[in-house]
Structures are given as structure tokens and as C-alpha cells.
Amino acid sequence: MIRTILLAFTLSVALSANAQSDRKVYLDPNAPLEQRVQDALSRMTTHEKIMILHAQSKFTSAGVPRLGIPQLNMDDGPHGVREELEWNSWSPAHWTNDSIVAFPSLTCLAASWNPELSRMYGNAVSEEFAFRGKNIMLGPGVNISRNPYNGRNFEYMGEDPYLAGEMVYPYIQAAQKNGVACCLKHFFLNNQEIERFSANVNVSERAVNEIYLPAFKKAVQKGGVWTVMGSYPMWNGIHCCHNDSLLNGILKRAWGFDGALISDWGGTTNTMEAATGGLDIEMGSYTDGKTKESEYGYNDYYLADPFEKLINEGKVPMSVLNDKAARVLRTIFRTAMNPHKALGSQCSQEHYDACRTIGSEGIVLLKNEKALLPIQPARYKHILVVGENATRSLTKGGGSSELKTLKDIAPLEALKEIYGDKIDYAQGYTSGQAIYDVVDKVDVAEQTKLHAEALEKAKKADLILYIGGLNKNCKQDCENSDREDFHLSFGQNELISELAKIQKNIIVVTFGGNAFATPWINQVPAMVHCWYLGSEGGHALADVLSGKVNPSGKLPISFAKSGNDYSFAKYGKEAYPGVNHQVYYKEGIFVGYRYFDTKNVSVQFPFGYGLSYTTFKYGRPSLSASTLTNDGKITLSVAVTNTGKVAGKEIVQLYIGEEKCSEERPLKELKHFEKVSLNPGETKTVSFEITPEDLQFFSAAKHQWTVEPGKFKAYVGASVEDIKGISEFNIK
């Protein structure tokens with residue numbers, strides 16, 4: 001309310017001061033957006049238009065002080081507001097009021113398969129950005145999890161473009177309703193951190209359209225995202241931050257994006273390409289995005305003095321500059337000069353509650369033999385918790401997504417709240433500090449000591465709860481580096497195996513944003529995967545382990561048995577990490593489950609998989625018609641019943657496959673899903689509308705989306721492998 005009153009007063013004074021001149025429409029918040037943009041644009045000098053196109057500090061771009069147009073304040077997301085940095089360095093500003101709520105990672109959100117939670121997430125996190133005076137939140141990200149080594153997969157939404165698209169757009173809509181622009185990233189092909197600044201990605205037209213673009217397209221066209229961040233890699237030999245075919249051709253013209261394209265920090269490399277290739281705001285040039293500084297000033301940026309020189313010399317038309325400036329002004333009016341922008345709040349109980357809810361619903365129960373879960377206090381006298389992640393802060397590290405939190409509830413703390421003195425703890429291993437660009441050396445003697453201590457304490461336990469997995473160290477889940485192999489580090493595989501030999505009642509709980517090998521899986525009766533759960537992570541995990549919350553998350557990625565089982569791996573270094581700065585996506589459209597399912601490659605845990613403390617029975621799916629026309633639709637319905645003793649949520653998944661096609665297609669692909677809540681004995685009918693769009697593929701021969709007449713199968717399942725029923729239909 002105070003902010004709205006002050007803005008109204010400022011506008012009133014400005015309008016009164018200019019009463020004798022023409023009315024300044026751009027200052028009128030009630031005027032149509034495009035009138036405001038064009039009015040402001042008409043009053044700006046060439047130099048002022050240039051000034052708003054590039055950074056003026058590490059995380060701000062300039063406004064137009066002469067006209068009362070404010071700067072844009074940006075900050076890293078998407079899991080929370082990054083701590084305040086100094087104006088012109090990467091050093092913390094050491095504020096005392098910038099501690100925030102860390103929300104779960106986007107892989108966790110994707111694992112919930114619940115778009116309503118995505119809306120809750122976007123609303124809550126944007127309120128914290130608004131409270132901190134931020135106009136642009138750098139996130140969310142929807143790059144596809146092509147390989148399990150990518151250090152930034154935890155920031156994205158899994159391996160399937162349909163799931164990622166359905167989960168990202170409610171987040172964007174809710175955040176922007178609060179007057180905070182989302183900056184969708186990283187557009188596109190940012191599928192590895194190795195050589196991220198220099199790699200040229202060679203990928204088929206079909207894979208681009210079927211795998212790597214759809215989630216971005218849905219975020220633009222359905223989410224209405226206001227800003228997009230270009231990525232570091234090159235596509236067709238041109239950096240994605242100023243790639244004309246990508247940014248002007250696809251994003252702006254084909255998709256109708258009317259917002260601003262922002263470079264990734266240090267992602268701009270050429271003035272003429274930046275001028276003509278679709279870049280609107282240049283950030284972070286002359287740094288490597290994190291550490292290096294230089295003697296260059298902000299006026300030396302590619303879209304600063306060098307661009308102005310091209311304009312003044314007539315080498316680039318004024319229309320190009322006007323389009324860029326209009327897009328930036330549009331963003332300013334939607335955010336910084338939006339009178340309806342939320343005041344927001346920081347570290348509110350509602351935000352902690354949202355964090356806990358999203359976290360618990362994204363946790364995936366992968367195995368539960370012997371009914372070890374949920375943990376009943378009466379069954380055990382001595383519960384030993386082993387593992388560094390039981391106490392480690394998993395909001396620290398990871399690169400730009402690192403967060404400064406007011407509080408973090410660790411799993412051990414939350415478990416003690418429930419099980420009290422029954423809990424004992426042994427660290428078991430150490431991974432060192434979370435450092436951005438260097439692997440912290442671990443003392444071998446210390447590791448051996450911790451290992452031995454855990455094994456000794458295990459002899460006295462009647463239940464072992466192992467809490468480990470990945471973390472946000474360099475070469476784990478961390479920006480600027482990829483994992484070095486498919487295994488858990490720090491001797492965890494050996495430790496789990498040895499603990500399982502001592503005590504058969506062992507539950508393995510893992511954190512992390514990627515899949516990994518589980519060579520000990522047959523030795524342990526229960527396993528839970530948690531992603532990164534944020535500030536309320538300990539409570540979210542304890543809620544599931546204790547049975548207060550029935551787990552309902554399902555995997556948004558495939559867990560292969562070996563890193564060599566992934567589709568890209570059989571093509572050698574050319575496919576990953578690349579040779580001579582060239583990376584070839586030779587697997588084409590066969591990414592993740594599309595490969596495993598079609599080529600009949602056995603996995604440890606399939607895409608869409610997740611268990612519950614209750615059981616569900618599916619009825620036979622039925623179709624409203626047996627033939628689909630080009631302009632019609634068919635409704636598929638299936639009844640689902642909770643046959644267990646506790647309330648639970650089931651994710652009903654619909655996959656569609658074509659029996660015969662002129663071009664090779666996956667056996668089946670995810671086209672719809674719905675998360676349904678059921679009490680014991682309750683039955684609900686889930687319905688999906690199948691349209692021709694669900695049946696199309698991008699033809700490599702025709703260079704366009706195509707639907708071929710023929711027979712199709714609709715697979716209803718609890719995962720891509722656990723198919724409960726199949727219905728067949730034709731299309732004419």
C-alpha cells in the first residue's frame with residue numbers, strides 16, 4: 001500500500017509539473033502498455049536508448065533518470081533470492097537483512113507432477129523477490145536433462161519436454177502476477193557445463209523441435225514470460241545470446257515473444273551479432289560470469305558505445321535500436337513501474353509452509369520392501385542416522401543458485417523432533433567445503449576415521465537411516481562443472497554396502513539433482529530420493545519418513561543402471577563432452593526414456609516411477625470414439641481406486657505411440673498426466689482429451705510438424721514401464 005501511494009504521488013507530481021506541456025502518457029499507469037512504451041520511446045535520445053540495453057552494475061541495467069524511468073533490478077533465482085552483492089563486484093555486500101527462504105530445487109518441483117504446486121511456488125518465491133525490490137528473477141530453467149553429468153540439471157525440470165512445459169508455465173504466471181518478471185533460461189541447448197562458453201552444438205532439426213524447444217515455447221506462449229535469458233553455447237556456429245535464427249526467427253517472430261532477451265552473464269561476444277541477432281539487454285560482459293574482472297567499463301559493452309557508433313554511422317538502422325529499447329521499456333512498465341506490483345514478504349510462515357509442502361510432495365519413494373517405511377517408533381529402540389547430508393546445508397554452493405538463508409532445518413534435527421533419544425548419529429564420510437570452481441581436498445585419514453565410526457555404531461542399531469547422495473560441491477551438482485562419473489563420491493557406495501551387511505534394516509535416503517548408480521540396491525530394502533528440499537528440507541523429509549505425508553512424487557528423469565547405458569554414451573566423446581569444441585547430439589530425439597523404452601534398455605528406476613504407502617487399482621481405459629479426425633478430439637477415461645488403508649495421491653500418466661510411421665518414432669511419449677488425491681476405498685475417474693497435436697511429430701523429410709493417418713495406442717500407466725491399460729484408435 002505504501003509503495004502504491006508513493007508511486008501515485010510521484011506520478012502526480014510529474015504530471016502536474018508538465019501540465020503546460022504535452023501529457024506524458026508513459027507515466028500514466030492506467031494507459032495501455034503499448035501507448036506508454038511508444039510515448040517514452042519518442043522522448044528518449046539515441047544515447048538514452050543505448051543506455052538501457054546494457055548493465056550498469058553486476059545485477060542492474062539503467063533506466064532514464066531524466067524521464068523518471070527507473071533501472072531494472074535483477075537477481076539470481078529460481079529457488080530464492082540470491083544474497084546482495086556489491087555494486088560492481090562478485091563479493092557479498094554483507095547486508096544483515098537479505099537472508100531468505102530457500103525453496104526446493106526445480107527437479108523437486110517437477111517430481112511433484114503437480115502444476116498447482118508450481119503456481120504456489122511461483123507466487124511465494126516472487127513475493128520474496130518483490131520484497132527485496134527486484135524486478136527480474138533469473139529463472140526458472142527448462143533445459144532438458146540430456147545426460148546425468150550436467151552440473152546444472154538440478155535447476156531444471158527433467159528429461160521430458162511435455163512435463164517440463166506443463167510444470168513451468170503456472171510458476172511463471174503466478175510470479176508475474178506479482179509484478180516480478182521471470183527470466184526463462186537458458187535458451188537453449190545448455191545441456192552441459194563443460195566448455196559451456198565455447199561449445200558449438202550440432203543437433204538435428206527434429207530433435208530441436210521435439211525435445212529442446214517445446215518447454216520454452218510453452219513458457220512463452222502459455223506462460224506469457226516477460227524476459228528470456230540466452231545461453232552460452234553456440235548453435236550453428238553462432239552464440240545463442242545473439243543468434244538471429246533462434247532469437248529473432250523462432251522466439252520473437254514465430255512464437256510472438258514481446259519481452260526482452262537478456263544475455264547470460266558474459267555470454268555476449270560480438271557487437272554486430274548482438275545488434276542484429278536479437279539481444280536486448282547485455283549483462284556480465286568482460287567477466288567469465290563469476291570471478292574475473294577487467295579494466296573495461298560498462299560503456300565498453302558490445303551494446304554500449306560500439307553499438308551507438310554503428311547506429312550513428314547508419315550501419316544498423318534506428319528501427320533495430322527502437323525495437324530493443326521498446327522491449328526493455330515494456331519490461332520496466334510491467335515491473336519497476338507497475339503500480340500493482342506486490343509489496344511481497346520475506347521469510348513469512350506461509351513461505352516456509354509452501355517450501356515444506358512442495359518438498360514433501362516432490363520426494364520419491366523408490367523402494368520399500370519389508371514395509372520399513374513409514375518408520376514406526378514402537379518398532380525400534382536405536383535408530384542410527386549415517387551420512388553427511390543429514391546435517392549439511394544443501395542451500396550453500398551450486399554456483400549462482402547459492403542462497404543465504406535465515407534458517408535451514410536439517411534432516412537430523414527434524415528426525416530428533418519425532419524420534420527423540422532413539423536417534424544416534426555418525427557422519428560416515430566428509431565431502432569438504434562447497435567451492436564453486438575447485439574440488440576441496442578431503443583428508444584420507446579423516447575419511448577412514450568417519451567410515452569406521454559409522455560401522456562401529458551400526459552394530460548397536462536396529463535401524464539404519466543413511467542420508468547421503470550428491471551435494472553442491474564443484475563437480476557434483478554445481479554450475480561451471482560437470483560430474484566426473486556416474487557414482488556417488490566420497491566412498492558412499494562402499495559405506496552403504498558395509499552398513500547393509502551389519503544391519504539388514506537399512507533405509508537409504510539420497511539428495512541430488514541427477515541420477516546415479518546404485519550398486520548396493522539389492523542389499524537395501526528401502527530407498528528414498530529427495531532432490532534438494534530447501535529451508536524446510538528436514539521437516540519435509542521427516543514428514544514422509546514418519547508417514548505424516550504419504551509420498552507421491554515420481555521421477556522426472558530415468559535412473560539408468562550405468563552411465564554407459566544413456567543414449568549419448570554409445571557415440572563417444574563427440575556426443576559428450578565434445579571434440580574440438582564441437583558437440584554432436586547423435587542420439588537425436590532418443591533422450592531419456594524415449595531411448596530406454598524404445599530400444600528395450602533395462603533401467604534401475606524408470607521415468608514416471610514412484611511408490612506410495614497405499615496401493616492403487618486402475619480400471620480399463622475407455623475412449624469416446626475409435627477414430628480421430630484432424631479437427632476433432634477423443635476423450636480417454638480411466639477409473640482409479642485407492643485400495644489401501646491410507647489416503648494418497650496417484651499420478652495418472654498418458655503416453656501415446658504410433659504403430660507405423662514413415663520416420664522412426666519413440667515407442668511412446670508422455671502427452672498428458674493428472675495427479676489425483678484419493679481416500680481409502682475412493683474411486684475417481686480421470687479424463688484426458690486427445691487431439692491431433694498429441695499425435696504429431698516433426699518430419700525431418702518435410703521440415704514441419706506432421707500427423708500421419710494410421711493406428712495409435714494410448715497407454716495409461718503409473719510410469720513409462722508400469723502400463724495399466726492400452727486403448728487403440730485411428731486417425732483420418
# chains A, B, ... in the order shown; residues from 1 in each chain; ligands from 1
>>> select_by_dssp(residues="segment 60-106 of chain A", states="strand (DSSP E)", output="PyMOL selection string")
chain A and resi 60-61+72-76
>>> closest_atom_pairs(of="segment 54-147 of chain A", to="segment 189-212 of chain A", cutoff="12 Å", atoms="only C-alpha atoms", output="JSON lines")
{"residue": "A:Gly141", "atom": "CA", "partner": "A:Asn190", "partner_atom": "CA", "distance": 10.0}
{"residue": "A:Val142", "atom": "CA", "partner": "A:Tyr212", "partner_atom": "CA", "distance": 9.0}
{"residue": "A:Asn143", "atom": "CA", "partner": "A:Asn190", "partner_atom": "CA", "distance": 6.4}
{"residue": "A:Ile144", "atom": "CA", "partner": "A:Tyr212", "partner_atom": "CA", "distance": 6.4}
{"residue": "A:Ser145", "atom": "CA", "partner": "A:Asn191", "partner_atom": "CA", "distance": 6.7}
{"residue": "A:Arg146", "atom": "CA", "partner": "A:Asn191", "partner_atom": "CA", "distance": 6.3}
{"residue": "A:Asn147", "atom": "CA", "partner": "A:Asn191", "partner_atom": "CA", "distance": 7.5}
>>> residues_around(residues="segment 703-707 of chain A", least_positions_apart="5", cutoff="10 Å", atoms="only C-alpha atoms", output="VMD selection string")
chain A and resid 205 to 206 209 to 210 630 661 692 to 698 731 to 732
>>> select_by_dssp(residues="segment 199-401 of chain A", states="alpha helix (DSSP H)", output="PyMOL selection string")
chain A and resi 205-207+214-221+244+271-276+305-312+318-334+349-362
>>> residues_around(residues="segment 415-431 of chain A", least_positions_apart="2", cutoff="7 Å", atoms="only C-alpha atoms", output="PyMOL selection string")
chain A and resi 377+381-388+411-413+433+442+447+450-451+453-454+490+542
>>> residues_around(residues="Asn30 of chain A", least_positions_apart="6", cutoff="10 Å", atoms="only C-alpha atoms", output="ChimeraX atom specification")
/A:36,338-339
>>> atom_distance(atom1="atom CA of Tyr156 of chain A", atom2="atom CA of His186 of chain A")
9.6 Å
>>> atom_distance(atom1="atom CA of Glu494 of chain A", atom2="atom CA of Trp520 of chain A")
8.4 Å
>>> residues_around(residues="Gly398 of chain A", least_positions_apart="4", cutoff="10 Å", atoms="only C-alpha atoms", output="number ranges by chain")
A: 151-152, 154-155, 394, 402-403, 434-437, 471-481
>>> atom_distance(atom1="atom CA of Gln492 of chain A", atom2="atom CA of Gly468 of chain A")
7.6 Å
>>> residues_around(residues="Glu574 of chain A", least_positions_apart="3", cutoff="6 Å", atoms="only C-alpha atoms", output="JSON, numbers by chain")
{"A": [578, 579, 583, 584]}
>>> closest_residue(among="A:Pro666, A:Gly314, A:Pro556, A:Gly277", to="Tyr162 of chain A", atoms="only C-alpha atoms")
A:Pro556
>>> closest_atom_pairs(of="segment 90-190 of chain A", to="segment 248-252 of chain A", cutoff="12 Å", atoms="only C-alpha atoms", output="CSV")
residue,atom,partner,partner_atom,distance
A:Leu184,CA,A:Leu251,CA,11.9
A:Phe187,CA,A:Leu251,CA,9.5
A:Phe188,CA,A:Leu251,CA,10.9
>>> write_last_selection(atoms="C-alpha atoms", output="PDB file, in the first residue's frame")
ATOM      1  CA  LEU A 184      13.288 -18.092 -18.596  1.00  0.00           C
ATOM      2  CA  PHE A 187      17.666 -20.555 -24.149  1.00  0.00           C
ATOM      3  CA  PHE A 188      18.759 -23.094 -25.356  1.00  0.00           C
TER       4      PHE A 188
END
>>> decode(residues="segment 717-732 of chain A", atoms="all heavy atoms", output="compact mmCIF listing (two decimals), in the first residue's frame")
# COMPACT_ATOMS: atom_id res chain seq x y z
N GLY A 717 -0.64 -45.35 -17.58
CA GLY A 717 0.28 -46.02 -16.68
C GLY A 717 0.62 -45.23 -15.44
O GLY A 717 0.33 -44.04 -15.31
N ALA A 718 1.27 -45.96 -14.50
CA ALA A 718 1.79 -45.34 -13.28
C ALA A 718 3.25 -44.94 -13.47
O ALA A 718 3.83 -44.28 -12.62
CB ALA A 718 1.66 -46.31 -12.10
N SER A 719 3.85 -45.35 -14.58
CA SER A 719 5.17 -44.91 -15.03
C SER A 719 5.27 -45.30 -16.49
O SER A 719 4.35 -45.93 -17.04
CB SER A 719 6.29 -45.57 -14.21
OG SER A 719 6.52 -46.90 -14.64
N VAL A 720 6.36 -44.95 -17.12
CA VAL A 720 6.51 -45.30 -18.53
C VAL A 720 6.59 -46.81 -18.73
O VAL A 720 6.23 -47.32 -19.80
CB VAL A 720 7.76 -44.61 -19.14
CG1 VAL A 720 9.05 -45.21 -18.59
CG2 VAL A 720 7.73 -44.66 -20.66
N GLU A 721 6.99 -47.54 -17.69
CA GLU A 721 7.07 -49.00 -17.77
C GLU A 721 5.85 -49.69 -17.16
O GLU A 721 5.48 -50.78 -17.58
CB GLU A 721 8.34 -49.51 -17.07
CG GLU A 721 9.62 -49.21 -17.83
CD GLU A 721 10.83 -49.91 -17.22
OE1 GLU A 721 10.66 -50.66 -16.22
OE2 GLU A 721 11.95 -49.72 -17.72
N ASP A 722 5.25 -49.09 -16.16
CA ASP A 722 4.13 -49.70 -15.44
C ASP A 722 2.81 -49.31 -16.12
O ASP A 722 2.07 -48.44 -15.65
CB ASP A 722 4.14 -49.27 -13.98
CG ASP A 722 3.11 -50.01 -13.14
OD1 ASP A 722 2.50 -50.97 -13.66
OD2 ASP A 722 2.90 -49.62 -11.98
N ILE A 723 2.52 -49.96 -17.24
CA ILE A 723 1.34 -49.63 -18.03
C ILE A 723 0.15 -50.44 -17.52
O ILE A 723 0.19 -51.67 -17.44
CB ILE A 723 1.59 -49.90 -19.52
CG1 ILE A 723 2.76 -49.06 -20.01
CG2 ILE A 723 0.33 -49.62 -20.33
CD1 ILE A 723 2.61 -47.57 -19.81
N LYS A 724 -0.94 -49.74 -17.19
CA LYS A 724 -2.12 -50.37 -16.60
C LYS A 724 -3.19 -50.72 -17.63
O LYS A 724 -4.04 -51.57 -17.36
CB LYS A 724 -2.73 -49.42 -15.56
CG LYS A 724 -1.77 -48.97 -14.47
CD LYS A 724 -1.29 -50.12 -13.60
CE LYS A 724 -0.46 -49.61 -12.43
NZ LYS A 724 -0.01 -50.71 -11.54
N GLY A 725 -3.14 -50.07 -18.78
CA GLY A 725 -4.15 -50.36 -19.80
C GLY A 725 -3.79 -49.67 -21.11
O GLY A 725 -3.13 -48.63 -21.12
N ILE A 726 -4.23 -50.27 -22.21
CA ILE A 726 -3.95 -49.74 -23.54
C ILE A 726 -5.25 -49.66 -24.33
O ILE A 726 -6.04 -50.61 -24.35
CB ILE A 726 -2.94 -50.63 -24.30
CG1 ILE A 726 -1.63 -50.74 -23.52
CG2 ILE A 726 -2.68 -50.07 -25.70
CD1 ILE A 726 -0.64 -51.72 -24.13
N SER A 727 -5.46 -48.53 -24.99
CA SER A 727 -6.60 -48.37 -25.89
C SER A 727 -6.07 -47.99 -27.27
O SER A 727 -5.10 -47.22 -27.38
CB SER A 727 -7.55 -47.28 -25.38
OG SER A 727 -8.17 -47.68 -24.17
N GLU A 728 -6.72 -48.51 -28.29
CA GLU A 728 -6.28 -48.24 -29.66
C GLU A 728 -7.30 -47.36 -30.39
O GLU A 728 -8.50 -47.44 -30.13
CB GLU A 728 -6.08 -49.54 -30.42
CG GLU A 728 -5.00 -50.43 -29.83
CD GLU A 728 -4.75 -51.69 -30.65
OE1 GLU A 728 -5.47 -51.89 -31.65
OE2 GLU A 728 -3.84 -52.46 -30.30
N PHE A 729 -6.78 -46.52 -31.27
CA PHE A 729 -7.67 -45.68 -32.08
C PHE A 729 -6.97 -45.34 -33.39
O PHE A 729 -5.76 -45.54 -33.55
CB PHE A 729 -8.06 -44.41 -31.33
CG PHE A 729 -6.90 -43.50 -30.99
CD1 PHE A 729 -6.56 -42.44 -31.82
CD2 PHE A 729 -6.15 -43.70 -29.83
CE1 PHE A 729 -5.51 -41.60 -31.51
CE2 PHE A 729 -5.09 -42.86 -29.52
CZ PHE A 729 -4.77 -41.81 -30.36
N ASN A 730 -7.73 -44.82 -34.33
CA ASN A 730 -7.21 -44.43 -35.64
C ASN A 730 -7.34 -42.93 -35.82
O ASN A 730 -8.12 -42.27 -35.13
CB ASN A 730 -7.98 -45.13 -36.77
CG ASN A 730 -7.90 -46.64 -36.67
OD1 ASN A 730 -6.83 -47.18 -36.48
ND2 ASN A 730 -9.04 -47.29 -36.79
N ILE A 731 -6.58 -42.40 -36.77
CA ILE A 731 -6.76 -41.01 -37.17
C ILE A 731 -6.90 -40.96 -38.68
O ILE A 731 -6.20 -41.65 -39.41
CB ILE A 731 -5.60 -40.12 -36.69
CG1 ILE A 731 -5.87 -38.67 -37.09
CG2 ILE A 731 -4.26 -40.58 -37.26
CD1 ILE A 731 -4.95 -37.67 -36.46
N LYS A 732 -7.84 -40.14 -39.10
CA LYS A 732 -8.05 -39.92 -40.53
C LYS A 732 -7.74 -38.46 -40.86
O LYS A 732 -8.11 -37.58 -40.11
CB LYS A 732 -9.50 -40.25 -40.92
CG LYS A 732 -9.82 -41.72 -40.84
CD LYS A 732 -11.23 -41.98 -41.33
CE LYS A 732 -11.58 -43.47 -41.28
NZ LYS A 732 -12.94 -43.74 -41.77
